[in-house]
Amino acid sequence: MSIPILSMIIFFPLTGAIALLFIHSTTQIKWFSLFICVLDLMLTILLIHNFDPNTYNMQFRESHQWIPTLNIRYSLGVDGISILFVFLTALVGWVCVLASWQSIEHRLKEFMITILVMQTCMLGVFCSLDFVLFFLFWEAMLIPMYLIIGVWGGKNRIYAAFKFFLYTLAGGLLFLVGIVVLYFAGGKTFDILALMDSHFSFQTQVWVFLAFFIGFAIKVPMFPFHTWLPDAHVQAPTAGSIILAGVLLKMGAYGFLRFSLPMLPQASQYFAPMMLVLSVVAIIYGGYLALAQDDLKKLVAYSSISHMGVVTLGLFVFNLRGLEGGILQMFNHGITTSALFLFVGLIYERTHTRSINDYGGLMKLIPVYTTFFALFTLASMALPGTNTFIGELLVLSGTFVDNKWFAAFAVMGAMLSAAYLLSMFKNVALGTVTNTNLTNIEDVNARELLAIISLAFFVIWIGLYPSPFLNLMHVSVEHLLLQAGSMPEVMQEAMVNEY
Amino acid sequence: MNTEAILQSIIASLPEIFVLLTACLLLLTDLLLKGRRVDLIANLSILVILIAATLSFMLEAYPNYFVSGPADSSLINNSLVYNPLIYNGMFITDPYSFFFKLIFYLTTMITILLSNQYIKMEGEAHSEFFIMLLFALCGMMIMASATDLISIYVGLELLALSLYVLTGFIKHSERSIESALKYLILSAIATCLMLYGASLFYGLCGTTQLDGITESLTTPPTTTTTTTDPAIILASLFLIAGFAFKIAAVPFHMWAPDVYEGAPTPITAFMSVGSMAAGFAVMLRVFAHALLPLSDIWLLIFATISLATMAVGSFVALVQTNIKRLLAYSSIAHAGFALLGLVAGGENGVASVMFYLLIYAFMSLGIFSVVIIMKTQHSPNELIDDYSGLSKHHSVLALLMLLFLFSLTGIPPTAGFMAKLYIIVALINEGYFLLAVAAVLFSAIAAFFYLRIVMLMYMRETNQKLELDKHLTLQLSLAITGIATLGIGLFPDWFLGLAMRSVL
């Protein structure tokens, strides 16, 4: 490929952000940002169209000298795993712009600029094939996210922004130390592909795994590093929550499967029991916390912790179904939770309350809103026919092969999620209208419907016909499993039990 | 010294001689102009620095041009050979000193740009300010090139004496006078300690010349007993104490917050960058090079000092309310981080410190430029709370401040990240994993107080609009430092290579 399509996808939002500096009219700012995001989404669709799913090799490679003194290269590429997240990021981008159309009242221009810069950083993370480049995008993201939470957030936004920043920074810096250790252990290279092929001593692997673990676990977030998440989610503006839930949380899990599994296979196996236990704890603990919430946003935030537990569970059972389910679940969670935050944001814009007790009987007042809300609630609790069902089924069956007890506990988590999501839906949407303030509430308009439908489309598609998505990643996941050095019999057995 | 040696000495120390002579000349000029043309002297000082920088560059790149002149020139004796090690081995013009001199030229130039408006506002517009800066510059240049404990002392004192005057330059301000006095007394004690250490080394090794000391330490029969000899340990401790004072490392950091707060802000910037870099220039040459045989003694001490320095700098900065005090503690924390490069040692370690200092110069001068712009006729606006809502009326200034603050935190894509990355690379190369982990955790703590300023600028509202005087010189210095902070962050290779090539 002579056209640097990945660079274009990554830096297109950034150039858009720079161009925004010179636009002054509010309407123009909105339309221009939307235009940038839609065009970027088009580019990623083009990327998927030209993607060859039959090879695990990195495609659309770009590689240039950047800092030869330390052997750091500007190196990009996507495989069947990362391409999904490139697409997810672009999709979330345009939903964010639509969600902020009216809800951001002051400093709209700065807001759109930070959102676009954020897009560039997130896309860069999923495309980087050089550790320093990856880390650059990974950490640079903190700046716009800190501003999004801190400037446009809720009442307690400053505390939440600080907590988010410091937590993630501390984790990120430990991750950096791990990277530099690998740099020397792997023969002075930051090239991710080269490091995947080199073998590290068990001791090195263990220490680096722990450093990576803290960095990624904070980002996911896994129990017990999850405490920043509810604060950040509750205080962030709608678009901020969508980005956080839709893409940022995926990065931790992406880190595990891009670096920990293939580069540190023995350590990953060694620590797998710990990871599985923490995942199960997150599933159940997150679920219980969600059960107790009155604040809609907090409820969705805690449900995120629970659902990300399912993802990490899938990643560390070391079989094909678990891994594919985990990755698909990352994508699904990006879709459904973004949508749920969007719904909370939409209703909050209209009523300025997020307390479940203030609602009731929305079904009668705003039927379109409620219908789609029902769809995403059901999707989030993994109803058959929706996207999450496929992901969770794969993860659970993969876990069952590995360890029946973990699977049993994880199923309990699924039951919990049904409990809190259904009771939330009942209290918000069903019953009689008790709050008189709600009577004049408006249903969703065309712009909002557009954002909702673009997400709902994937809920149904993956729910009914997931194979295009699974095919996209299949070869790459098999290769990953090979790199992760899982035992041949596990590998074979996973192959035999092909869905 | 014969004529040839004298000529060689003059040639290889041409930039220093030039700065010193022109500084004296400017002093006379000022006398003739009866002190009326302060701007002229400021501009001439910048010119002097530019010429001196050119001379340094010529000496570095084309040393033979000076001894043989242009081809076929018979101006100078053609038999003369260029010799970088001069004054009987007390002074050297090597790539290492050239790198540091670049930092010094840059720092002094930007300090002059920052001062012009500032001293007028303070009502102390005297041209001696710039001339003293030139003397200080000359002192730093001698420190970078000195290869003898005596010449190090000469450079150190020239710098310190100029700084005593400069910190107390605002005569009507008690804080300024107080800080000058504090600096004088504490600095004098530190210099005494250093001199005492030097005299012990002279007694033990029979020379003050650095290479001579190395030779005598590595020659049997002394080698076997050196690192356990109490006299040598004592001598090293005194030297460490003396130099640690210069870079404001714990436990010799007490002076920094008071002096930084009281001194005129451009001088604070000058001290936090130039004086610190000069201290490191000497330390690296003395410890990572000359006293390398004694690394058993100083390695552990420096590791402890650097951890303590980072801890004190990061934690105490959390509770500061004055921006200059905050930046004083921040510069203490950064000195601690840079010291880790010395602990790592080796070519990478030394180069990482040099790279760090270069980048620190840009970002620190940048942030001080903002602090100086914030000063108005009525109020110094030195409190951190004065930055509330800055982004609303002065969005470009706030954005630059954000850039410098995130660079000091070490967030990519700013230069501060690259500086920290290279120190970590050097540390891990030598196997100091735990030090690397401690270093990054301290910088995560330090992030808190940089973030607080960003928070105030962007997340607090204010009713009052600051009427800021963004003078052209201040804008120029902001532009230089801002572009460098972002530019080196994105394309650090050339600077990294320069640091690596300039290692001793």
# chains A, B, ... in the order shown; residues from 1 in each chain; ligands from 1
call {"tool": "interface_residues", "arguments": {"of": "chain A", "to": "chain B", "cutoff": "7 Å", "atoms": "only C-alpha atoms", "output": "PyMOL selection string"}}
result
chain A and resi 67-69+136+139-140+150-151+166+169-170+173-174+177+180-181+184
call {"tool": "residues_around", "arguments": {"residues": "Phe243 (chain B)", "least_positions_apart": "4", "cutoff": "9 Å", "atoms": "only C-alpha atoms", "output": "list in words"}}
result
Ala190, Thr191, Met194, Phe238, Leu239, Ile247, Ala248, Ala249, Gly279, Phe280, Val282 and Met283 of chain B
call {"tool": "write_last_selection", "arguments": {"atoms": "C-alpha atoms", "output": "JSON list (two decimals), in the first residue's frame"}}
result
[["chain", "number", "residue", "atom", "x", "y", "z"],
["B", 190, "ALA", "CA", 28.99, 25.16, 50.95],
["B", 191, "THR", "CA", 31.99, 26.53, 49.10],
["B", 194, "MET", "CA", 33.96, 21.96, 48.87],
["B", 238, "PHE", "CA", 32.94, 17.27, 51.57],
["B", 239, "LEU", "CA", 33.04, 17.52, 47.78],
["B", 247, "ILE", "CA", 22.03, 21.75, 42.53],
["B", 248, "ALA", "CA", 19.83, 22.14, 45.63],
["B", 249, "ALA", "CA", 19.84, 18.44, 46.45],
["B", 279, "GLY", "CA", 26.50, 22.30, 39.10],
["B", 280, "PHE", "CA", 25.72, 19.15, 37.17],
["B", 282, "VAL", "CA", 31.01, 19.89, 37.41],
["B", 283, "MET", "CA", 29.51, 16.93, 39.23]]
call {"tool": "residues_around", "arguments": {"residues": "Asp40 (chain A)", "least_positions_apart": "5", "cutoff": "7 Å", "atoms": "only C-alpha atoms", "output": "list in words"}}
result
Ile9, Phe12 and Ala90 of chain A
call {"tool": "write_last_selection", "arguments": {"atoms": "C-alpha atoms", "output": "compact mmCIF listing (two decimals), in the first residue's frame"}}
result
# COMPACT_ATOMS: atom_id res chain seq x y z
CA ILE A 9 -7.06 7.76 9.93
CA PHE A 12 -7.19 13.29 10.33
CA ALA A 90 -14.23 5.90 14.90
call {"tool": "residues_around", "arguments": {"residues": "Thr386 (chain A)", "least_positions_apart": "5", "cutoff": "8 Å", "atoms": "only C-alpha atoms", "output": "VMD selection string"}}
result
chain A and resid 378 to 379 459 to 464
call {"tool": "write_last_selection", "arguments": {"atoms": "C-alpha atoms", "output": "PDB file, in the first residue's frame"}}
result
ATOM      1  CA  LEU A 378     -31.594  -6.222  27.325  1.00  0.00           C
ATOM      2  CA  ALA A 379     -28.434  -6.283  25.236  1.00  0.00           C
ATOM      3  CA  VAL A 459     -26.399  -4.861  18.630  1.00  0.00           C
ATOM      4  CA  ILE A 460     -28.750  -6.671  16.285  1.00  0.00           C
ATOM      5  CA  TRP A 461     -26.169  -7.527  13.647  1.00  0.00           C
ATOM      6  CA  ILE A 462     -23.715  -9.175  16.017  1.00  0.00           C
ATOM      7  CA  GLY A 463     -26.570 -10.743  17.946  1.00  0.00           C
ATOM      8  CA  LEU A 464     -27.983 -12.479  14.907  1.00  0.00           C
TER       9      LEU A 464
END
call {"tool": "residues_around", "arguments": {"residues": "Val206 (chain A)", "least_positions_apart": "5", "cutoff": "12 Å", "atoms": "only C-alpha atoms", "output": "ChimeraX atom specification"}}
result
/A:178,181-182,200-201,211-213,260,263-272
call {"tool": "atom_distance", "arguments": {"atom1": "CA of Thr370 (chain A)", "atom2": "CA of Thr436 (chain A)"}}
result
18.1 Å
call {"tool": "residues_around", "arguments": {"residues": "Glu324 (chain A)", "least_positions_apart": "4", "cutoff": "7 Å", "atoms": "only C-alpha atoms", "output": "MDAnalysis selection string"}}
result
chainID A and resid 320 328 477
